[in-house]
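Enquirer: Below is the file work31.csv, with CSV, C-alpha atoms.
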```csv
chain,number,residue,atom,x,y,z
A,1,MET,CA,0.0,0.0,0.0
A,2,ASN,CA,1.5,3.4,-1.0
A,3,THR,CA,1.6,6.4,1.3
A,4,GLU,CA,-1.4,8.1,-0.3
A,5,SER,CA,-3.6,5.0,0.0
A,6,ALA,CA,-2.5,4.5,3.6
A,7,GLN,CA,-3.5,8.1,4.4
A,8,GLN,CA,-6.9,7.6,2.8
A,9,THR,CA,-7.4,4.5,4.9
A,10,ASN,CA,-6.4,6.3,8.1
A,11,ILE,CA,-8.8,9.2,7.3
A,12,ALA,CA,-11.7,6.8,6.6
A,13,ALA,CA,-11.0,5.0,9.9
A,14,ALA,CA,-10.9,8.3,11.8
A,15,LEU,CA,-14.2,9.3,10.2
A,16,ASP,CA,-15.8,6.0,11.1
A,17,ARG,CA,-14.7,6.5,14.7
A,18,LEU,CA,-16.1,10.0,14.7
A,19,ARG,CA,-19.5,8.7,13.7
A,20,GLY,CA,-19.4,6.0,16.3
A,21,ASP,CA,-22.7,4.3,16.9
A,22,TYR,CA,-24.8,7.3,16.2
A,23,LEU,CA,-27.6,6.4,13.7
A,24,THR,CA,-25.1,4.4,11.6
A,25,GLN,CA,-27.7,3.3,9.0
A,26,ALA,CA,-29.7,6.5,8.8
A,27,SER,CA,-30.4,8.3,5.5
A,28,TRP,CA,-31.0,12.1,5.8
A,29,THR,CA,-33.3,14.5,4.1
A,30,VAL,CA,-32.6,18.2,4.7
A,31,GLY,CA,-35.3,20.8,4.3
A,32,GLY,CA,-35.1,24.4,3.2
A,33,ALA,CA,-34.9,23.9,-0.6
A,34,PHE,CA,-36.5,26.7,-2.8
A,35,ARG,CA,-36.1,29.0,0.1
A,36,PHE,CA,-32.5,28.9,1.5
A,37,ASP,CA,-30.8,27.3,-1.5
A,38,HIS,CA,-27.6,29.3,-1.5
A,39,SER,CA,-26.8,28.5,2.1
A,40,LEU,CA,-28.0,25.0,1.8
A,41,GLN,CA,-25.9,24.2,-1.2
A,42,VAL,CA,-22.8,25.7,0.4
A,43,ILE,CA,-23.1,23.6,3.6
A,44,LEU,CA,-24.1,20.4,1.8
A,45,LYS,CA,-21.3,20.6,-0.8
A,46,THR,CA,-18.9,20.8,2.1
A,47,LEU,CA,-20.4,18.0,4.1
A,48,LEU,CA,-20.7,15.6,1.2
A,49,GLN,CA,-16.9,15.9,0.7
A,50,ILE,CA,-16.2,14.5,4.1
A,51,GLY,CA,-16.4,10.8,3.2
A,52,ASN,CA,-19.6,8.9,4.1
A,53,ILE,CA,-20.0,10.3,7.6
A,54,PHE,CA,-22.9,12.6,6.5
A,55,PRO,CA,-25.2,10.4,4.3
A,56,VAL,CA,-27.6,13.1,3.1
A,57,SER,CA,-29.6,11.7,0.2
A,58,HIS,CA,-32.3,14.3,-0.4
A,59,VAL,CA,-33.3,17.9,0.1
A,60,ALA,CA,-36.9,18.9,0.6
A,61,GLY,CA,-38.7,22.1,0.0
A,62,VAL,CA,-42.0,24.0,-0.4
A,63,MET,CA,-42.7,26.0,-3.4
A,64,PRO,CA,-45.1,29.0,-2.7
A,65,CYS,CA,-48.4,28.0,-4.3
A,66,SER,CA,-52.0,27.2,-3.5
A,67,TRP,CA,-51.0,23.7,-2.3
A,68,SER,CA,-48.4,24.9,0.2
A,69,LEU,CA,-48.2,26.9,3.5
A,70,ASP,CA,-45.9,29.6,4.7
A,71,TRP,CA,-45.3,29.6,8.4
A,72,VAL,CA,-43.6,33.0,8.6
A,73,ALA,CA,-44.7,35.3,5.8
A,74,GLN,CA,-46.4,34.8,2.5
A,75,ARG,CA,-43.7,34.3,-0.1
A,76,ARG,CA,-44.1,35.6,-3.7
A,77,PRO,CA,-44.2,33.0,-6.5
A,78,ILE,CA,-40.8,31.9,-7.8
A,79,PRO,CA,-40.0,32.1,-11.5
A,80,LEU,CA,-40.3,28.7,-13.1
A,81,SER,CA,-36.7,29.1,-14.5
A,82,ASP,CA,-35.4,29.5,-11.0
A,83,TYR,CA,-37.2,26.4,-9.9
A,84,THR,CA,-35.8,24.3,-12.8
A,85,ASN,CA,-32.3,25.6,-12.3
A,86,THR,CA,-32.5,24.7,-8.6
A,87,LEU,CA,-33.6,21.1,-9.6
A,88,GLU,CA,-30.6,20.9,-12.0
A,89,THR,CA,-28.2,22.1,-9.3
A,90,TYR,CA,-29.3,19.4,-6.8
A,91,ALA,CA,-29.2,16.7,-9.4
A,92,ARG,CA,-25.6,17.6,-10.2
A,93,MET,CA,-24.8,17.3,-6.5
A,94,GLY,CA,-26.3,13.8,-6.5
A,95,LEU,CA,-29.2,14.7,-4.3
A,96,GLY,CA,-32.9,13.9,-4.8
A,97,VAL,CA,-35.5,16.6,-4.4
A,98,VAL,CA,-38.7,16.1,-2.4
A,99,LEU,CA,-41.3,18.7,-3.5
A,100,VAL,CA,-43.5,19.3,-0.5
A,101,PHE,CA,-47.2,20.3,-0.7
A,102,ASP,CA,-48.0,20.7,3.0
A,103,ASN,CA,-51.5,22.3,2.9
A,104,PRO,CA,-53.9,19.8,4.4
A,105,PHE,CA,-56.9,22.0,4.1
A,106,LEU,CA,-57.0,22.5,0.3
A,107,PRO,CA,-60.4,23.4,-1.1
A,108,ASP,CA,-61.6,21.0,-3.9
A,109,GLU,CA,-61.6,23.8,-6.5
A,110,LEU,CA,-57.9,24.3,-6.1
A,111,LEU,CA,-57.1,20.7,-6.9
A,112,GLU,CA,-57.2,21.7,-10.5
A,113,ASP,CA,-54.7,24.5,-10.1
A,114,SER,CA,-52.8,24.5,-13.4
A,115,TYR,CA,-49.5,25.5,-11.8
A,116,ILE,CA,-49.2,22.2,-9.9
A,117,PRO,CA,-48.7,20.0,-13.1
A,118,LEU,CA,-46.0,22.4,-14.2
A,119,LEU,CA,-44.1,21.9,-11.0
A,120,VAL,CA,-44.6,18.1,-10.9
A,121,HIS,CA,-43.6,17.5,-14.6
A,122,GLU,CA,-40.4,19.5,-14.2
A,123,LEU,CA,-39.6,17.6,-11.0
A,124,TYR,CA,-39.9,14.3,-12.9
A,125,ASN,CA,-38.3,15.4,-16.2
A,126,ARG,CA,-35.2,16.8,-14.6
A,127,ASP,CA,-34.7,13.8,-12.3
A,128,ARG,CA,-31.7,12.3,-14.0
A,129,ILE,CA,-30.8,10.3,-10.9
A,130,ARG,CA,-34.3,9.0,-10.2
A,131,LYS,CA,-34.4,10.2,-6.6
A,132,ASN,CA,-37.1,12.9,-6.7
A,133,ALA,CA,-40.5,12.5,-5.0
A,134,VAL,CA,-43.6,14.5,-4.1
A,135,CYS,CA,-44.8,14.8,-0.5
A,136,VAL,CA,-48.5,15.7,0.1
A,137,ALA,CA,-50.6,16.6,3.1
A,138,SER,CA,-53.9,15.2,1.9
A,139,ASP,CA,-55.3,12.1,0.2
A,140,LYS,CA,-57.0,14.3,-2.3
A,141,MET,CA,-53.7,15.8,-3.3
A,142,ALA,CA,-52.3,12.3,-3.7
A,143,ALA,CA,-55.1,11.2,-6.0
A,144,ARG,CA,-54.5,14.3,-8.2
A,145,ILE,CA,-50.7,13.8,-8.3
A,146,ARG,CA,-51.2,10.2,-9.5
A,147,THR,CA,-53.2,11.5,-12.5
A,148,ILE,CA,-50.5,14.0,-13.3
A,149,CYS,CA,-47.4,11.9,-13.0
A,150,PRO,CA,-48.1,8.3,-11.7
A,151,LYS,CA,-44.4,7.3,-11.9
A,152,LEU,CA,-43.3,9.8,-9.2
A,153,PRO,CA,-42.8,8.3,-5.7
A,154,LEU,CA,-45.5,9.7,-3.4
A,155,TYR,CA,-44.9,10.5,0.3
A,156,CYS,CA,-47.4,11.4,3.0
A,157,HIS,CA,-46.6,14.6,5.0
A,158,ASP,CA,-47.1,14.7,8.7
A,159,ASN,CA,-49.6,17.5,8.3
A,160,ARG,CA,-51.9,14.8,6.9
A,161,LEU,CA,-51.7,13.3,10.4
A,162,SER,CA,-52.1,16.7,12.2
A,163,ALA,CA,-55.3,17.3,10.3
A,164,GLU,CA,-56.7,13.9,11.1
A,165,MET,CA,-59.8,14.3,13.2
A,166,GLY,CA,-59.7,10.8,14.7
A,167,LYS,CA,-57.1,9.3,17.0
A,168,ARG,CA,-53.7,8.6,15.5
A,169,THR,CA,-53.2,4.9,15.9
A,170,PRO,CA,-50.7,2.3,14.6
A,171,ALA,CA,-53.6,1.0,12.4
A,172,LEU,CA,-54.0,4.4,10.8
A,173,TYR,CA,-50.2,4.5,10.1
A,174,ASN,CA,-50.2,1.0,8.6
A,175,LYS,CA,-53.1,1.9,6.4
A,176,LEU,CA,-51.3,5.0,5.1
A,177,ALA,CA,-48.1,2.9,4.5
A,178,ALA,CA,-50.1,0.7,2.2
A,179,VAL,CA,-51.0,3.7,0.1
A,180,TYR,CA,-47.9,5.8,0.1
A,181,ASP,CA,-44.3,5.0,-0.7
A,182,ARG,CA,-43.3,6.7,2.6
A,183,VAL,CA,-45.1,8.2,5.6
A,184,ARG,CA,-43.8,10.9,7.9
A,185,LEU,CA,-44.5,10.3,11.6
A,186,HIS,CA,-46.4,13.0,13.4
A,187,PRO,CA,-43.6,14.7,15.4
A,188,THR,CA,-45.3,13.9,18.7
A,189,ASP,CA,-45.7,10.2,17.7
A,190,ALA,CA,-42.0,9.9,17.1
A,191,THR,CA,-41.7,10.2,20.9
A,192,ARG,CA,-44.3,7.5,21.6
A,193,PRO,CA,-43.0,3.9,21.6
A,194,SER,CA,-46.5,2.6,22.0
A,195,ILE,CA,-47.2,3.9,18.5
A,196,TYR,CA,-44.0,3.5,16.5
A,197,GLU,CA,-43.1,0.1,17.9
A,198,ALA,CA,-46.4,-1.2,16.6
A,199,LEU,CA,-45.8,-0.2,13.0
A,200,GLU,CA,-45.5,-3.1,10.6
A,201,GLN,CA,-42.9,-1.6,8.2
A,202,ALA,CA,-40.6,0.8,10.0
A,203,GLY,CA,-38.5,1.3,6.8
A,204,LYS,CA,-41.5,3.0,5.1
A,205,PHE,CA,-41.7,5.8,7.7
A,206,GLU,CA,-39.8,9.0,8.1
A,207,VAL,CA,-38.8,10.8,11.3
A,208,VAL,CA,-38.7,14.6,11.8
A,209,MET,CA,-35.7,15.4,14.1
A,210,ASN,CA,-36.3,19.1,14.8
A,211,ASP,CA,-39.9,20.1,14.8
A,212,PRO,CA,-40.1,23.2,17.0
A,213,CYS,CA,-43.8,22.9,18.0
A,214,LEU,CA,-44.8,21.8,21.5
A,215,ARG,CA,-45.2,18.1,22.0
A,216,THR,CA,-48.5,18.8,23.8
A,217,CYS,CA,-49.6,21.6,21.5
A,218,PRO,CA,-53.4,22.0,21.7
A,219,VAL,CA,-53.7,24.2,18.6
A,220,ARG,CA,-51.5,22.6,15.9
A,221,ARG,CA,-54.5,21.7,13.8
A,222,ASP,CA,-56.0,25.2,14.3
A,223,HIS,CA,-52.7,26.8,13.3
A,224,LEU,CA,-52.5,24.8,10.1
A,225,ARG,CA,-56.1,25.7,9.2
A,226,LEU,CA,-55.4,29.4,9.8
A,227,LEU,CA,-52.2,29.2,7.6
A,228,ALA,CA,-54.3,27.6,4.9
A,229,GLN,CA,-56.8,30.5,5.1
A,230,MET,CA,-53.9,33.0,5.0
A,231,ARG,CA,-52.7,31.4,1.8
A,232,ARG,CA,-56.1,32.0,0.2
A,233,GLU,CA,-56.4,35.6,1.7
A,234,PRO,CA,-52.8,36.8,1.9
A,235,TYR,CA,-53.8,40.5,2.5
A,236,ASN,CA,-56.3,39.9,5.3
A,237,PRO,CA,-54.8,41.6,8.4
A,238,GLU,CA,-57.5,40.0,10.6
A,239,LEU,CA,-56.0,36.6,9.9
A,240,MET,CA,-52.5,37.8,10.9
A,241,THR,CA,-54.0,39.0,14.2
A,242,GLN,CA,-55.6,35.7,14.8
A,243,ARG,CA,-52.3,33.9,14.2
A,244,SER,CA,-50.5,36.2,16.6
A,245,ASN,CA,-53.2,35.6,19.3
A,246,LEU,CA,-53.1,31.8,18.7
A,247,ILE,CA,-49.3,31.7,19.2
A,248,SER,CA,-49.5,34.0,22.2
A,249,ARG,CA,-52.1,31.8,23.8
A,250,THR,CA,-49.9,28.7,23.7
A,251,ALA,CA,-46.8,30.6,24.7
A,252,CYS,CA,-44.8,28.3,22.5
A,253,ARG,CA,-42.3,31.0,21.4
A,254,ILE,CA,-41.7,32.4,24.9
A,255,ILE,CA,-38.4,31.2,26.3
A,256,ASN,CA,-38.1,31.2,30.1
A,257,ALA,CA,-34.5,30.6,31.1
A,258,HIS,CA,-35.5,29.6,34.6
A,259,SER,CA,-37.8,26.7,33.4
A,260,LEU,CA,-36.2,25.2,30.4
A,261,GLN,CA,-37.5,21.7,29.6
A,262,GLN,CA,-35.5,19.5,27.3
A,263,LYS,CA,-38.6,17.6,26.1
A,264,ALA,CA,-41.0,20.6,25.8
A,265,THR,CA,-40.8,20.7,22.0
A,266,CYS,CA,-40.8,18.0,19.3
A,267,ASN,CA,-37.0,18.3,18.9
A,268,LEU,CA,-35.9,14.7,19.5
A,269,THR,CA,-33.2,14.0,22.0
A,270,ARG,CA,-30.2,11.8,21.1
A,271,SER,CA,-31.6,8.9,23.1
A,272,GLU,CA,-35.0,9.2,21.4
A,273,ALA,CA,-33.5,9.3,17.9
A,274,GLN,CA,-31.3,6.2,18.7
A,275,ALA,CA,-34.4,4.4,20.1
A,276,LEU,CA,-36.1,5.0,16.8
A,277,HIS,CA,-33.1,3.8,14.9
A,278,ARG,CA,-32.9,0.6,17.0
A,279,ALA,CA,-36.6,0.1,16.2
A,280,GLY,CA,-35.8,0.0,12.4
A,281,PHE,CA,-36.4,3.6,11.3
A,282,ARG,CA,-33.8,4.7,8.8
A,283,SER,CA,-35.2,7.9,7.1
A,284,PHE,CA,-34.6,11.1,9.2
A,285,ILE,CA,-35.6,14.6,8.2
A,286,ILE,CA,-34.1,18.0,9.3
A,287,ARG,CA,-37.0,20.4,8.8
A,288,GLY,CA,-36.6,24.0,7.7
A,289,SER,CA,-40.1,25.3,6.8
A,290,GLN,CA,-40.9,26.6,10.2
A,291,PHE,CA,-37.8,28.8,10.6
A,292,ARG,CA,-37.7,32.5,10.0
A,293,ASN,CA,-34.2,32.5,8.6
A,294,GLU,CA,-31.6,29.9,7.5
A,295,MET,CA,-29.3,30.3,10.5
A,296,THR,CA,-31.5,28.1,12.7
A,297,LEU,CA,-31.6,25.5,9.9
A,298,LEU,CA,-27.8,25.5,9.4
A,299,TRP,CA,-27.3,25.0,13.1
A,300,ASP,CA,-29.8,22.2,13.2
A,301,ILE,CA,-28.1,20.5,10.3
A,302,LEU,CA,-24.8,20.4,12.1
A,303,ARG,CA,-26.4,19.5,15.4
A,304,CYS,CA,-28.6,16.6,14.1
A,305,LEU,CA,-26.0,15.1,11.7
A,306,GLN,CA,-23.2,14.9,14.2
A,307,ASN,CA,-22.5,12.7,17.2
A,308,ASP,CA,-22.1,14.7,20.4
A,309,THR,CA,-20.2,12.4,22.7
A,310,PRO,CA,-17.5,14.1,24.9
A,311,GLU,CA,-14.8,12.1,23.1
A,312,THR,CA,-15.8,13.6,19.7
A,313,SER,CA,-17.1,17.0,20.6
A,314,ASN,CA,-13.9,18.8,19.7
A,315,LYS,CA,-13.9,17.2,16.2
A,316,ALA,CA,-17.6,17.9,15.7
A,317,ALA,CA,-16.9,21.5,16.6
A,318,LEU,CA,-14.0,21.6,14.2
A,319,ILE,CA,-16.2,20.3,11.4
A,320,ALA,CA,-19.0,22.8,12.2
A,321,THR,CA,-16.5,25.7,12.3
A,322,SER,CA,-14.9,24.6,9.0
A,323,VAL,CA,-18.3,24.3,7.3
A,324,MET,CA,-19.4,27.7,8.5
A,325,ALA,CA,-16.1,29.3,7.4
A,326,GLU,CA,-17.2,28.5,3.8
A,327,PHE,CA,-19.6,31.4,4.1
A,328,GLY,CA,-16.8,33.9,4.8
A,329,LYS,CA,-14.6,33.2,1.8
A,330,ALA,CA,-13.6,36.1,-0.5
A,331,SER,CA,-15.7,36.6,-3.6
A,332,PHE,CA,-14.4,37.6,-6.9
A,333,THR,CA,-17.7,39.1,-8.1
A,334,LEU,CA,-19.3,42.2,-6.8
A,335,PRO,CA,-22.9,41.9,-5.6
A,336,SER,CA,-25.4,43.7,-7.7
A,337,GLY,CA,-29.1,44.1,-7.7
A,338,LEU,CA,-29.0,44.1,-11.5
A,339,LYS,CA,-27.7,40.6,-11.9
A,340,ARG,CA,-31.1,39.3,-13.0
A,341,PHE,CA,-31.5,41.9,-15.7
A,342,SER,CA,-30.3,41.7,-19.3
A,343,PHE,CA,-29.6,44.8,-21.3
A,344,SER,CA,-30.1,45.2,-25.0
A,345,ASN,CA,-30.2,47.9,-27.6
A,346,TYR,CA,-33.4,46.3,-29.0
A,347,GLU,CA,-36.8,47.3,-27.7
```
Before we go any further, please render this structure as structure tokens.
Expert:
Amino acid sequence: MNTESAQQTNIAAALDRLRGDYLTQASWTVGGAFRFDHSLQVILKTLLQIGNIFPVSHVAGVMPCSWSLDWVAQRRPIPLSDYTNTLETYARMGLGVVLVFDNPFLPDELLEDSYIPLLVHELYNRDRIRKNAVCVASDKMAARIRTICPKLPLYCHDNRLSAEMGKRTPALYNKLAAVYDRVRLHPTDATRPSIYEALEQAGKFEVVMNDPCLRTCPVRRDHLRLLAQMRREPYNPELMTQRSNLISRTACRIINAHSLQQKATCNLTRSEAQALHRAGFRSFIIRGSQFRNEMTLLWDILRCLQNDTPETSNKAALIATSVMAEFGKASFTLPSGLKRFSFSNYE
């Protein structure tokens, strides 16, 4: 074995030790696509260069449209060319794209929205690595997608479970798993062994690692219903007031330093994530749709993907620092607000 090969072997062994026994067979999906793409691509390009220690296979994202929700503010539509360019970029990175339609309260008249087939067909036609999929929040959406592009894998979003009026049971999950290619666990149910240990095919389910809502949130369904109404009436200030009052009533965004509780939110602890992994769950999601800016998402990516044992904490910190340093590199092009414009002598 030559010197270079020996060095590569030593590096691979060191990376394996760094990963340790932390979710060793997990496959990761990172949210934030179509919203935080620049930052997401910077961090993922760097992480994917570090051997196989960070097995990110997909990105997921919500396009602003009638079938989706905006948790923070109503986003304006994205040009179709920007959407297709983004799909091409992730394909070149070897990443699949999960297009998310997370509105569980879609009126029947919007099922025929002509914009949806455009998004879905581009998702399929530009999927050179055959990893792309659609994730929907209602069975009506699923039926419509199957008529548009039956070959696309179809996932069930956890908002479908949040909107469920009946009790969430293992039988309900097993029923959905027979209809969809994958099903996201409701974030609260990912902390309940009585539910997830009774599932028949753990490999068909996905686990959200970092949902910021309360585990005992009494208004999650009401919040989603209000967000759906805001999508239909984006300039209605009364709805904004209702959302503010709803959030204030639950006090879910108020941080009290004197009464911090580790398990207050649906952010999974390391022990909970490892228990799910031992139970056979392999698909883990780092969510980005509920964050106001990308910094929280970037922090969660580095936190969720890495082991945090005392023996490896210094190395994990070095990786995090090195990745974040990519954002401070010198640029050889000056920023300009005119970069999207083209100039011509012709009218």
Enquirer: Of the candidates A:Ala275, A:Val98, A:Met324, A:Ile247, which shows the shortest atom-to-atom distance to Asp127 in chain A, using all atoms listed in the file?
Expert: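 Of the candidates, the smallest distance to Asp127 in chain A is held by A:Val98.
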Enquirer: Go through A:Ala171, A:Val134, A:Val208, A:Val56 one by one, measure the shortest atom-to-atom distance of each to Thr29 in chain A using all atoms listed in the file, and give the residue with the smallest value.
Expert: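 Nearest candidate to Thr29 in chain A out of A:Ala171, A:Val134, A:Val208, A:Val56: A:Val56.
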Enquirer: Quick check, in Å to one decimal: how far apart do CA of Gln290 in chain A and CA of Pro193 in chain A lie?
Expert: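 Between these atoms lies a distance of 25.5 Å.
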Enquirer: Need to verify the contact set: Val100 in chain A, 7 Å, all atoms listed in the file, exclusion of same-chain residues closer than 6 positions in sequence. Can you return it as a PyMOL selection string?
Expert: chain A and resi 60-62+134-136
Enquirer: List as a ChimeraX atom specification the protein and nucleic acid residues near Gln49 in chain A, meaning an atom at most 12 Å away when only C-alpha atoms are counted, but skip any in the same chain fewer than 6 places from it.
Expert: /A:15,42-43,55-56,93,319,323
Enquirer: List the spatial neighbours of Asp189 in chain A as a ChimeraX atom specification - criterion: any atom at most 12 Å away, all atoms listed in the file, same-chain residues fewer than 5 positions off excluded.
Expert: /A:158,161-162,167-170,173,184,194-199,205-209,211,215-216,266-268,272,276
Enquirer: When you draw a straight line from CA of Ala251 in chain A to CA of Lys263 in chain A, how long is it in Å?
Expert: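 Between these atoms lies a distance of 15.4 Å.
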Enquirer: With distances taken over only C-alpha atoms, which of A:Ala143, A:Val59, A:Leu40, A:Leu154 is nearest to Glu112 in chain A?
Expert: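 Among A:Ala143, A:Val59, A:Leu40, A:Leu154, it is A:Ala143 that comes nearest to Glu112 in chain A.
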Enquirer: Taking only C-alpha atoms into account, which of A:Ile50, A:Ala137, A:Ala264, A:Val72 comes nearest Gly288 in chain A?
Expert: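 Closest residue, counting only C-alpha atoms: A:Val72.
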